[in-house]
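A.B. asks: Dropping in query.tsv, with TSV, C-alpha atoms.
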chain	number	residue	atom	x	y	z
E	61	MET	CA	14.00	-39.75	-61.78
E	62	GLU	CA	13.61	-36.81	-64.08
E	63	ARG	CA	12.48	-33.52	-62.54
E	64	LYS	CA	9.19	-33.50	-64.43
E	65	ASP	CA	8.43	-37.11	-63.51
E	66	PHE	CA	9.38	-36.37	-59.85
E	67	GLU	CA	6.99	-33.41	-59.64
E	68	THR	CA	4.15	-35.53	-61.08
E	69	TRP	CA	4.90	-38.31	-58.60
E	70	LEU	CA	5.07	-35.81	-55.71
E	71	ASP	CA	1.69	-34.29	-56.63
E	72	ASN	CA	0.07	-37.72	-56.71
E	73	ILE	CA	1.61	-38.69	-53.38
E	74	SER	CA	0.47	-35.40	-51.85
E	75	VAL	CA	-3.13	-35.91	-52.97
E	76	THR	CA	-3.12	-39.41	-51.56
E	77	PHE	CA	-1.46	-38.27	-48.29
E	78	LEU	CA	-4.11	-35.58	-47.74
E	79	SER	CA	-6.87	-38.16	-48.10
E	80	LEU	CA	-5.49	-40.32	-45.27
E	81	THR	CA	-6.68	-40.24	-41.65
E	82	ASP	CA	-4.45	-38.70	-38.99
E	83	LEU	CA	-3.40	-42.16	-37.82
E	84	GLN	CA	-2.51	-43.21	-41.38
E	85	LYS	CA	-0.54	-39.97	-41.91
E	86	ASN	CA	1.45	-40.66	-38.76
E	87	GLU	CA	2.21	-44.24	-39.85
E	88	THR	CA	3.32	-42.97	-43.26
E	89	LEU	CA	5.67	-40.42	-41.70
E	90	ASP	CA	7.09	-43.04	-39.31
E	91	HIS	CA	7.81	-45.32	-42.25
E	92	LEU	CA	9.49	-42.53	-44.25
E	93	ILE	CA	11.60	-41.53	-41.24
E	94	SER	CA	12.73	-45.16	-40.80
E	95	LEU	CA	13.91	-45.14	-44.43
E	96	SER	CA	15.76	-41.78	-44.07
E	97	GLY	CA	19.47	-41.36	-43.69
E	98	ALA	CA	21.51	-38.82	-41.72
E	99	VAL	CA	21.13	-36.07	-44.33
E	100	GLN	CA	17.34	-36.39	-44.37
E	101	LEU	CA	17.06	-36.54	-40.54
E	102	ARG	CA	19.21	-33.41	-40.20
E	103	HIS	CA	17.00	-31.67	-42.74
E	104	LEU	CA	13.89	-32.65	-40.73
E	105	SER	CA	15.42	-31.43	-37.46
E	106	ASN	CA	16.31	-28.01	-38.85
E	107	ASN	CA	12.93	-27.41	-40.47
E	108	LEU	CA	10.79	-28.77	-37.62
E	109	GLU	CA	12.44	-26.38	-35.13
E	110	THR	CA	11.50	-23.44	-37.34
E	111	LEU	CA	7.92	-24.69	-37.74
E	112	LEU	CA	7.26	-25.72	-34.13
E	113	LYS	CA	9.27	-23.17	-32.14
E	114	ARG	CA	8.21	-19.86	-33.60
E	115	ASP	CA	9.22	-16.85	-31.55
E	116	PHE	CA	5.86	-15.07	-31.40
E	117	LEU	CA	7.26	-12.11	-29.43
E	118	LYS	CA	9.67	-11.46	-32.30
E	119	LEU	CA	7.11	-12.08	-35.06
E	120	LEU	CA	4.07	-10.27	-33.62
E	121	PRO	CA	3.62	-6.47	-33.65
E	122	LEU	CA	4.61	-4.94	-30.31
E	123	GLU	CA	1.03	-3.95	-29.47
E	124	LEU	CA	-0.18	-7.56	-29.86
E	125	SER	CA	2.74	-8.85	-27.79
E	126	PHE	CA	1.83	-6.45	-24.98
E	127	TYR	CA	-1.81	-7.58	-25.15
E	128	LEU	CA	-0.83	-11.25	-24.77
E	129	LEU	CA	1.61	-10.49	-21.95
E	130	LYS	CA	-1.18	-8.86	-19.91
E	131	TRP	CA	-2.70	-12.32	-19.38
E	132	LEU	CA	0.39	-13.65	-17.61
E	133	ASP	CA	1.12	-13.22	-13.91
E	134	PRO	CA	4.25	-11.24	-12.93
E	135	GLN	CA	6.19	-14.28	-11.70
E	136	THR	CA	5.67	-16.05	-15.05
E	137	LEU	CA	6.76	-12.89	-16.86
E	138	LEU	CA	9.97	-12.77	-14.86
E	139	THR	CA	10.65	-16.38	-15.89
E	140	CYS	CA	9.94	-15.49	-19.53
E	141	CYS	CA	12.54	-12.72	-19.30
E	142	LEU	CA	15.16	-15.47	-19.04
E	143	VAL	CA	14.29	-16.99	-22.43
E	144	SER	CA	16.33	-14.54	-24.51
E	145	LYS	CA	17.55	-10.96	-24.66
E	146	GLN	CA	14.75	-10.15	-27.09
E	147	TRP	CA	12.08	-11.50	-24.76
E	148	ASN	CA	13.58	-9.65	-21.80
E	149	LYS	CA	13.59	-6.41	-23.79
E	150	VAL	CA	9.96	-6.74	-24.91
E	151	ILE	CA	8.60	-7.90	-21.53
E	152	SER	CA	10.54	-5.26	-19.57
E	153	ALA	CA	9.08	-2.54	-21.81
E	154	CYS	CA	5.46	-3.61	-21.20
E	155	THR	CA	4.62	-0.66	-18.92
E	156	GLU	CA	0.95	-1.49	-18.31
E	157	VAL	CA	1.74	-4.99	-17.10
E	158	TRP	CA	4.29	-3.85	-14.53
E	159	GLN	CA	2.22	-0.85	-13.40
E	160	THR	CA	-0.75	-3.16	-12.75
E	161	ALA	CA	1.49	-5.58	-10.85
E	162	CYS	CA	2.76	-2.71	-8.69
E	163	LYS	CA	-0.78	-1.46	-8.00
E	164	ASN	CA	-1.85	-4.94	-6.93
E	165	LEU	CA	0.95	-4.86	-4.35
E	166	GLY	CA	-0.35	-1.54	-2.97
E	167	TRP	CA	2.29	0.55	-4.73
E	168	GLN	CA	1.72	4.17	-5.78
E	169	ILE	CA	1.99	4.82	-9.53
E	170	ASP	CA	3.42	8.02	-11.00
E	171	ASP	CA	2.06	8.13	-14.57
E	172	SER	CA	4.42	10.97	-15.48
E	173	VAL	CA	7.39	8.56	-15.59
E	174	GLN	CA	7.94	7.77	-19.28
E	175	ASP	CA	10.93	5.41	-19.03
E	176	ALA	CA	9.73	2.12	-20.57
E	177	LEU	CA	12.05	0.00	-18.42
E	178	HIS	CA	11.26	1.85	-15.16
E	179	TRP	CA	8.25	-0.11	-13.95
E	180	LYS	CA	9.79	-3.57	-14.07
E	181	LYS	CA	12.55	-2.26	-11.79
E	182	VAL	CA	9.90	-0.75	-9.50
E	183	TYR	CA	8.06	-4.08	-9.37
E	184	LEU	CA	11.22	-5.95	-8.40
E	185	LYS	CA	11.78	-3.43	-5.62
E	186	ALA	CA	8.14	-3.68	-4.56
E	187	ILE	CA	8.10	-7.47	-4.42
E	188	LEU	CA	11.21	-7.42	-2.25
E	189	ARG	CA	9.66	-4.97	0.22
E	190	MET	CA	6.37	-6.89	0.36
E	191	LYS	CA	8.30	-10.13	0.95
E	192	GLN	CA	10.09	-8.42	3.85
E	193	LEU	CA	6.72	-7.38	5.28
E	194	GLU	CA	5.28	-10.88	4.95
E	195	ASP	CA	8.36	-12.34	6.61
E	196	HIS	CA	8.23	-9.68	9.37
E	197	GLU	CA	11.69	-8.41	8.39
E	198	ALA	CA	10.90	-4.93	7.02
E	199	PHE	CA	11.86	-2.95	10.14
E	200	GLU	CA	14.71	-2.40	12.53
E	201	THR	CA	14.90	-0.78	15.97
E	202	SER	CA	16.83	1.99	17.64
E	203	SER	CA	16.69	4.07	20.84
E	204	LEU	CA	16.95	7.72	21.79
E	205	ILE	CA	18.59	8.28	25.17
E	206	GLY	CA	18.88	11.54	27.07
E	207	HIS	CA	15.79	12.15	29.24
E	208	SER	CA	16.37	12.03	32.98
E	209	ALA	CA	12.69	11.54	33.83
E	210	ARG	CA	9.62	9.86	32.40
E	211	VAL	CA	8.59	10.87	28.87
E	212	TYR	CA	4.83	11.37	29.09
E	213	ALA	CA	4.04	12.33	25.51
E	214	LEU	CA	5.47	12.23	21.99
E	215	TYR	CA	4.69	14.34	18.91
E	216	TYR	CA	5.97	13.89	15.34
E	217	LYS	CA	5.67	16.21	12.34
E	218	ASP	CA	7.78	17.13	9.33
E	219	GLY	CA	10.59	14.79	10.35
E	220	LEU	CA	10.85	16.10	13.92
E	221	LEU	CA	10.13	14.02	17.04
E	222	CYS	CA	9.17	16.09	20.11
E	223	THR	CA	8.32	15.13	23.70
E	224	VAL	CA	5.17	17.23	24.25
E	225	PHE	CA	1.48	16.48	24.86
E	226	SER	CA	-1.33	16.53	22.28
E	227	VAL	CA	-0.66	19.44	19.87
E	228	ASP	CA	-0.86	20.38	16.21
E	229	TYR	CA	0.00	23.57	14.34
E	230	ASN	CA	-0.30	25.38	11.01
E	231	ASP	CA	2.25	27.93	9.82
E	232	GLU	CA	-0.17	29.52	7.34
E	233	LEU	CA	-2.70	30.31	10.08
E	234	ASP	CA	0.05	31.05	12.62
E	235	ILE	CA	-1.90	28.84	15.02
E	236	LEU	CA	-1.02	26.05	17.43
E	237	VAL	CA	-3.74	23.97	19.10
E	238	SER	CA	-3.31	21.83	22.19
E	239	GLY	CA	-5.43	19.32	24.09
E	240	SER	CA	-5.42	19.28	27.86
E	241	ALA	CA	-6.28	17.20	30.91
E	242	ASP	CA	-8.70	19.96	32.02
E	243	PHE	CA	-11.10	18.91	29.21
E	244	THR	CA	-10.31	21.98	27.07
E	245	VAL	CA	-8.67	22.76	23.75
E	246	LYS	CA	-6.53	25.86	23.59
E	247	VAL	CA	-5.79	27.90	20.46
E	248	TRP	CA	-2.44	29.71	20.51
E	249	ALA	CA	-0.80	32.35	18.35
E	250	LEU	CA	2.22	30.42	17.10
E	251	SER	CA	4.53	33.39	16.62
E	252	ALA	CA	3.48	35.36	19.72
E	253	GLY	CA	3.00	32.39	22.04
E	254	THR	CA	-0.23	33.85	23.47
E	255	CYS	CA	-3.47	31.97	24.06
E	256	LEU	CA	-6.18	33.22	21.68
E	257	ASN	CA	-9.09	31.09	22.84
E	258	THR	CA	-10.11	28.12	24.99
E	259	LEU	CA	-12.61	25.71	23.46
E	260	THR	CA	-14.87	23.87	25.91
E	261	GLY	CA	-17.36	21.03	25.67
E	262	HIS	CA	-15.34	17.92	26.36
E	263	THR	CA	-16.04	15.98	29.55
E	264	GLU	CA	-12.85	13.90	29.49
E	265	TRP	CA	-9.16	14.49	28.83
E	266	VAL	CA	-8.57	15.75	25.31
E	267	THR	CA	-6.15	13.09	24.11
E	268	LYS	CA	-5.78	14.12	20.47
E	269	VAL	CA	-6.07	17.29	18.36
E	270	VAL	CA	-5.69	17.42	14.57
E	271	LEU	CA	-5.58	20.60	12.48
E	272	GLN	CA	-6.23	19.88	8.79
E	273	LYS	CA	-7.54	21.54	5.63
E	274	CYS	CA	-10.95	20.23	4.52
E	275	LYS	CA	-11.07	18.52	1.09
E	276	VAL	CA	-14.84	17.94	0.69
E	277	LYS	CA	-17.99	20.09	0.69
E	278	SER	CA	-20.92	19.81	3.08
E	279	LEU	CA	-23.56	22.08	4.60
E	280	LEU	CA	-21.14	22.93	7.42
E	281	HIS	CA	-17.83	23.45	5.57
E	282	SER	CA	-16.23	23.88	2.16
E	283	PRO	CA	-13.01	22.61	0.55
E	284	GLY	CA	-10.09	24.68	1.77
E	285	ASP	CA	-11.57	25.44	5.19
E	286	TYR	CA	-9.28	24.68	8.12
E	287	ILE	CA	-10.84	22.17	10.50
E	288	LEU	CA	-9.84	21.25	14.03
E	289	LEU	CA	-10.72	17.82	15.41
E	290	SER	CA	-10.43	17.12	19.12
E	291	ALA	CA	-11.04	13.73	20.70
E	292	ASP	CA	-11.57	12.40	24.19
E	293	LYS	CA	-12.49	9.00	25.58
E	294	TYR	CA	-15.99	9.00	24.08
E	295	GLU	CA	-16.37	11.82	21.54
E	296	ILE	CA	-14.80	13.55	18.56
E	297	LYS	CA	-15.61	17.24	18.19
E	298	ILE	CA	-15.29	19.21	14.94
E	299	TRP	CA	-14.44	22.94	14.97
E	300	PRO	CA	-14.14	25.46	12.05
E	301	ILE	CA	-10.88	26.85	13.34
E	302	GLY	CA	-9.91	28.73	10.17
E	303	ARG	CA	-13.00	30.96	9.95
E	304	GLU	CA	-12.83	32.59	13.35
E	305	ILE	CA	-10.99	32.10	16.58
E	306	ASN	CA	-14.18	32.25	18.65
E	307	CYS	CA	-15.66	29.24	16.85
E	308	LYS	CA	-18.46	26.90	17.89
E	309	CYS	CA	-18.45	23.13	17.61
E	310	LEU	CA	-19.91	22.05	14.26
E	311	LYS	CA	-20.52	18.42	15.10
E	312	THR	CA	-19.88	15.77	17.74
E	313	LEU	CA	-19.24	12.17	16.70
E	314	SER	CA	-19.39	9.04	18.84
E	315	VAL	CA	-19.87	5.31	18.38
E	316	SER	CA	-22.40	4.87	21.20
E	317	GLU	CA	-24.91	7.39	22.58
E	318	ASP	CA	-24.83	5.85	26.05
E	319	ARG	CA	-21.01	5.99	26.19
E	320	SER	CA	-20.80	2.22	26.54
E	321	ILE	CA	-18.02	2.05	23.93
E	322	CYS	CA	-14.76	3.91	24.46
E	323	LEU	CA	-12.65	5.37	21.69
E	324	GLN	CA	-8.96	4.52	21.60
E	325	PRO	CA	-6.78	7.61	22.14
E	326	ARG	CA	-5.77	7.89	18.47
E	327	LEU	CA	-7.37	9.83	15.61
E	328	HIS	CA	-6.82	10.09	11.85
E	329	PHE	CA	-8.14	12.91	9.65
E	330	ASP	CA	-6.98	13.63	6.10
E	331	GLY	CA	-9.62	16.19	5.06
E	332	LYS	CA	-11.92	13.53	3.57
E	333	TYR	CA	-12.30	10.82	6.21
E	334	ILE	CA	-12.15	10.53	9.99
E	335	VAL	CA	-10.91	7.24	11.44
E	336	CYS	CA	-10.76	6.18	15.07
E	337	SER	CA	-10.39	2.81	16.76
E	338	SER	CA	-12.55	1.35	19.50
E	339	ALA	CA	-13.08	-1.98	21.22
E	340	LEU	CA	-15.36	-2.97	18.31
E	341	GLY	CA	-12.86	-2.15	15.56
E	342	LEU	CA	-11.91	0.76	13.31
E	343	TYR	CA	-14.64	3.32	12.57
E	344	GLN	CA	-14.40	5.38	9.37
E	345	TRP	CA	-16.62	8.45	8.89
E	346	ASP	CA	-17.25	10.34	5.65
E	347	PHE	CA	-16.39	13.96	6.45
E	348	ALA	CA	-18.89	15.32	3.89
E	349	SER	CA	-21.92	13.59	5.44
E	350	TYR	CA	-20.56	12.53	8.86
E	351	ASP	CA	-21.98	9.06	8.15
E	352	ILE	CA	-20.10	5.93	9.21
E	353	LEU	CA	-18.75	4.38	6.00
E	354	ARG	CA	-17.48	1.14	7.46
E	355	VAL	CA	-16.42	-0.63	10.63
E	356	ILE	CA	-13.34	-2.80	10.23
E	357	LYS	CA	-13.47	-5.53	12.84
E	358	THR	CA	-10.40	-7.38	14.08
E	359	PRO	CA	-11.87	-10.23	16.17
E	360	GLU	CA	-8.74	-12.37	16.22
E	361	ILE	CA	-6.75	-9.77	18.17
E	362	ALA	CA	-8.14	-7.80	21.09
E	363	ASN	CA	-7.50	-4.15	21.90
E	364	LEU	CA	-5.89	-3.10	18.62
E	365	ALA	CA	-5.20	0.63	18.58
E	366	LEU	CA	-4.91	2.86	15.52
E	367	LEU	CA	-1.65	4.58	14.66
E	368	GLY	CA	-2.16	5.55	11.01
E	369	PHE	CA	-4.72	5.09	8.23
E	370	GLY	CA	-4.35	5.54	4.46
E	371	ASP	CA	-5.83	4.52	1.12
E	372	ILE	CA	-4.05	1.14	1.07
E	373	PHE	CA	-2.65	0.35	4.52
E	374	ALA	CA	-3.39	0.94	8.19
E	375	LEU	CA	-0.83	0.86	11.01
E	376	LEU	CA	-2.09	-0.73	14.25
E	377	PHE	CA	-0.60	-2.02	17.48
E	378	ASP	CA	-1.35	-3.76	20.75
E	379	ASN	CA	0.72	-4.52	23.84
E	380	HIS	CA	3.02	-6.89	21.98
E	381	TYR	CA	3.17	-6.14	18.26
E	382	LEU	CA	3.04	-3.47	15.58
E	383	TYR	CA	0.72	-4.53	12.72
E	384	ILE	CA	0.17	-3.53	9.10
E	385	MET	CA	-3.32	-4.09	7.67
E	386	ASP	CA	-4.12	-4.20	3.95
E	387	LEU	CA	-7.35	-2.18	3.86
E	388	ARG	CA	-8.38	-3.70	0.51
E	389	THR	CA	-8.74	-7.11	2.14
E	390	GLU	CA	-8.99	-5.94	5.78
E	391	SER	CA	-6.33	-8.54	6.66
E	392	LEU	CA	-3.13	-8.20	8.68
E	393	ILE	CA	-0.13	-8.72	6.39
E	394	SER	CA	2.81	-8.01	8.70
E	395	ARG	CA	3.78	-7.55	12.33
E	396	TRP	CA	6.80	-6.45	14.31
E	397	PRO	CA	7.50	-7.27	17.99
E	398	LEU	CA	7.43	-4.41	20.50
E	399	PRO	CA	9.25	-4.27	23.85
E	400	GLU	CA	7.54	-3.73	27.16
E	401	TYR	CA	6.86	-0.05	26.55
E	402	ARG	CA	5.30	2.39	29.01
E	403	LYS	CA	1.51	2.14	28.71
E	404	SER	CA	-0.57	5.31	28.48
E	405	LYS	CA	-4.34	5.40	28.88
E	406	ARG	CA	-4.33	8.80	27.17
E	407	GLY	CA	-2.41	7.55	24.15
E	408	SER	CA	0.28	10.18	24.37
E	409	SER	CA	3.34	7.97	24.85
E	410	PHE	CA	3.37	6.33	21.40
E	411	LEU	CA	2.93	7.53	17.83
E	412	ALA	CA	3.43	6.80	14.14
E	413	GLY	CA	6.22	8.38	12.11
E	414	GLU	CA	6.15	9.08	8.37
E	415	ALA	CA	2.67	8.21	7.07
E	416	SER	CA	2.71	8.79	3.29
E	417	TRP	CA	3.40	5.08	2.65
E	418	LEU	CA	-0.04	4.25	4.06
E	419	ASN	CA	-1.50	5.58	0.78
E	420	GLY	CA	0.72	3.12	-1.10
E	421	LEU	CA	4.43	2.42	-1.18
E	422	ASP	CA	6.44	4.01	-4.01
E	423	GLY	CA	9.99	2.85	-3.39
E	424	HIS	CA	10.97	6.14	-1.75
E	425	ASN	CA	8.52	6.68	1.14
E	426	ASP	CA	9.45	3.46	2.97
E	427	THR	CA	12.28	5.10	4.90
E	428	GLY	CA	12.70	6.69	8.30
E	429	LEU	CA	10.52	6.47	11.39
E	430	VAL	CA	7.57	4.05	11.57
E	431	PHE	CA	6.76	4.04	15.30
E	432	ALA	CA	8.05	5.56	18.53
E	433	THR	CA	7.18	4.96	22.18
E	434	SER	CA	8.56	5.95	25.56
E	435	MET	CA	10.20	3.27	27.71
E	436	PRO	CA	10.34	2.68	31.49
E	437	ASP	CA	14.05	3.62	31.48
E	438	HIS	CA	13.11	7.11	30.12
E	439	SER	CA	14.49	6.30	26.65
E	440	ILE	CA	12.46	6.41	23.43
E	441	HIS	CA	12.16	3.17	21.43
E	442	LEU	CA	12.10	3.64	17.64
E	443	VAL	CA	10.94	1.28	14.88
E	444	LEU	CA	12.47	2.26	11.53
E	445	TRP	CA	12.17	1.03	7.97
E	446	LYS	CA	15.00	-1.29	7.06
E	447	GLU	CA	16.90	-0.29	3.93
E	448	HIS	CA	16.11	-2.21	0.74
E	449	GLY	CA	18.19	-5.30	0.27
I need this file expressed as structure tokens, please.

C.D. replies:
Amino acid sequence: MERKDFETWLDNISVTFLSLTDLQKNETLDHLISLSGAVQLRHLSNNLETLLKRDFLKLLPLELSFYLLKWLDPQTLLTCCLVSKQWNKVISACTEVWQTACKNLGWQIDDSVQDALHWKKVYLKAILRMKQLEDHEAFETSSLIGHSARVYALYYKDGLLCTVFSVDYNDELDILVSGSADFTVKVWALSAGTCLNTLTGHTEWVTKVVLQKCKVKSLLHSPGDYILLSADKYEIKIWPIGREINCKCLKTLSVSEDRSICLQPRLHFDGKYIVCSSALGLYQWDFASYDILRVIKTPEIANLALLGFGDIFALLFDNHYLYIMDLRTESLISRWPLPEYRKSKRGSSFLAGEASWLNGLDGHNDTGLVFATSMPDHSIHLVLWKEHG
């Protein structure tokens, strides 16, 4: 057939083909395929692959590719990375996707990191650590041996573990504060070792003292003021320790006016919030207003005590296990078995180690000491973060 005649025939066929129903079009194509030889079938195969399997990540602008990728879950994205080197390169460079995935796992995000490929690596590290927590395999144990008599109290700060009773200190103020069984709090000159003042008002053993810089403003204090918190079995007292040594109690907090509810001998204060555990759950106070913000109840497990509290996680324990709670869902996500440690009604024989991870893991702060307690054989039992696999 001449070229001109072929083009006329093809135009007529095309007009007729477009007027057919979908079913008729399909029957027409099936008939044409049945009449085709190897050359025509190969031609169809090559062109159909191009038409039907378009690589949209390669064809779309990078900004549109990133927008589409945000709708996929991280596990699907990891699978997509296996499609080709080009897909892996584009998906790995989608910073917002991987940062969001890390945040959803309770991971801290440092926005100053500009490396496009950094956050996918962080996510892979994060998912491994969270899997270890879910499988109760994130920790390991060790022991410190050397005491010849019972260890009554432990204290941890700045990487050092000490066997002393309830104390805290501040180098800038040159002050050390200590709680005592005589219901008092003593303020000491750190460098001179002399007692500067004795604070009274407690009617039970002072089981915990915390010296911290205030981060919020109220009628009683301003940001930057140094605040001392002291706790006993029923009350938490707040003192403006940085203004004057001869200070008066600013406020007394409790969870029951008739003292029917006891506080557990642990206390958290970060300058913005006060957290303490009781038989009813975890109580969180706003330090600006002294109002109770929330009570986190743990009905499925009795007598949970507080060890540490952060923006994302809380560290709790009972007589048998160490627990990690996700504060966003108020659910327990991991636990670790504890030995028969020496019990202490005053809460001085066990403590938490490094606490920065409670505000969110970052791939670097999940190392070192998690928990320590004294044992009946006078040793100290340690729970440590296991190294990343």

A.B. asks: Residues within 10 Å of stretch 382-391 of chain E, please, as a ChimeraX atom specification. Count all atoms listed in the file; anything in the same chain fewer than 3 positions from it doesn't count.

C.D. replies: /E:164-166,193-194,196,356-358,364-379,394-398,418,430-431,443

A.B. asks: In terms of the shortest atom-to-atom distance over all atoms listed in the file, which of E:Ala348, E:Ile151, E:Asn107, E:Ala98 is closest to E:Leu122?

C.D. replies: E:Ile151

A.B. asks: For E:Cys309, please output as a tab-separated table (two decimals) with C-alpha atoms, in the coordinates of the input all residues within 7 Å (counting all atoms listed in the file; exclusion window: fewer than 5 positions along the same chain).

C.D. replies:
chain	number	residue	atom	x	y	z
E	297	LYS	CA	-15.61	17.24	18.19
E	298	ILE	CA	-15.29	19.21	14.94
E	299	TRP	CA	-14.44	22.94	14.97

A.B. asks: Any idea what's packed within 12 Å of stretch 137-142 of chain E, counting only C-alpha atoms, ignoring anything in its chain fewer than 2 positions away? Could you give it as a list in words?

C.D. replies: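 Here the qualifying residues turn out to be Leu117, Phe126, Leu128, Leu129, Lys130, Trp131, Leu132, Asp133, Pro134, Gln135, Ser144, Lys145, Gln146, Trp147, Asn148, Lys149, Val150, Ile151, Ser152, Ala153, Cys154, Val157, Trp158, Ala161, Lys180, Lys181, Tyr183, Leu184 and Ile187 of chain E.
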
A.B. asks: Which stretch 240-317 of chain E residues have any atom within 10 Å of an atom of stretch 344-347 of chain E, and for each, what is the nearest pair of atoms with distance in Å to one decimal, counting all atoms listed in the file, rows sorted by chain and number, as a Markdown table?

C.D. replies:
| residue | atom | partner | partner_atom | distance |
| --- | --- | --- | --- | --- |
| E:Cys274 | CA | E:Phe347 | CA | 8.5 |
| E:Lys275 | CA | E:Phe347 | CA | 8.8 |
| E:Val276 | CA | E:Phe347 | CA | 7.2 |
| E:Lys277 | CA | E:Phe347 | CA | 8.6 |
| E:Ser278 | CA | E:Phe347 | CA | 8.1 |
| E:His281 | CA | E:Phe347 | CA | 9.6 |
| E:Leu313 | CA | E:Trp345 | CA | 9.0 |

A.B. asks: Could you check how far atom CA of E:Val355 sits from atom CA of E:Lys268, in Å to one decimal?

C.D. replies: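 According to the coordinates, atom CA of E:Val355 and atom CA of E:Lys268 are separated by 20.7 Å.
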
A.B. asks: Find the residues near E:Gly413: any atom within 8 Å, counting only C-alpha atoms, skip ones fewer than 5 places away on the same chain, and give them as JSON, numbers by chain.

C.D. replies: {"E": [216, 217, 219, 428, 429, 430, 431, 432]}

A.B. asks: I'd like the interatomic distance between atom CA of E:Ala176 and atom CA of E:Lys446, to a tenth of an Å.

C.D. replies: 28.3 Å

A.B. asks: Identify the residues within 12 Å of coordinate (-7.9, 32.8, 26.5) (same frame as the file), considering only C-alpha atoms, and give the answer as a PyMOL selection string.

C.D. replies: chain E and resi 244-249+253-260+305-306

A.B. asks: Save out the residues we just selected, C-alpha atoms, as an mmCIF file, in the coordinates of the input.

C.D. replies:
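As a result, selection_20.cif now contains:
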data_model
loop_
_atom_site.group_PDB
_atom_site.id
_atom_site.type_symbol
_atom_site.label_atom_id
_atom_site.label_comp_id
_atom_site.auth_asym_id
_atom_site.auth_seq_id
_atom_site.Cartn_x
_atom_site.Cartn_y
_atom_site.Cartn_z
ATOM 1 C CA THR E 244 -10.310 21.980 27.070
ATOM 2 C CA VAL E 245 -8.670 22.760 23.750
ATOM 3 C CA LYS E 246 -6.530 25.860 23.590
ATOM 4 C CA VAL E 247 -5.790 27.900 20.460
ATOM 5 C CA TRP E 248 -2.440 29.710 20.510
ATOM 6 C CA ALA E 249 -0.800 32.350 18.350
ATOM 7 C CA GLY E 253 3.000 32.390 22.040
ATOM 8 C CA THR E 254 -0.230 33.850 23.470
ATOM 9 C CA CYS E 255 -3.470 31.970 24.060
ATOM 10 C CA LEU E 256 -6.180 33.220 21.680
ATOM 11 C CA ASN E 257 -9.090 31.090 22.840
ATOM 12 C CA THR E 258 -10.110 28.120 24.990
ATOM 13 C CA LEU E 259 -12.610 25.710 23.460
ATOM 14 C CA THR E 260 -14.870 23.870 25.910
ATOM 15 C CA ILE E 305 -10.990 32.100 16.580
ATOM 16 C CA ASN E 306 -14.180 32.250 18.650
#
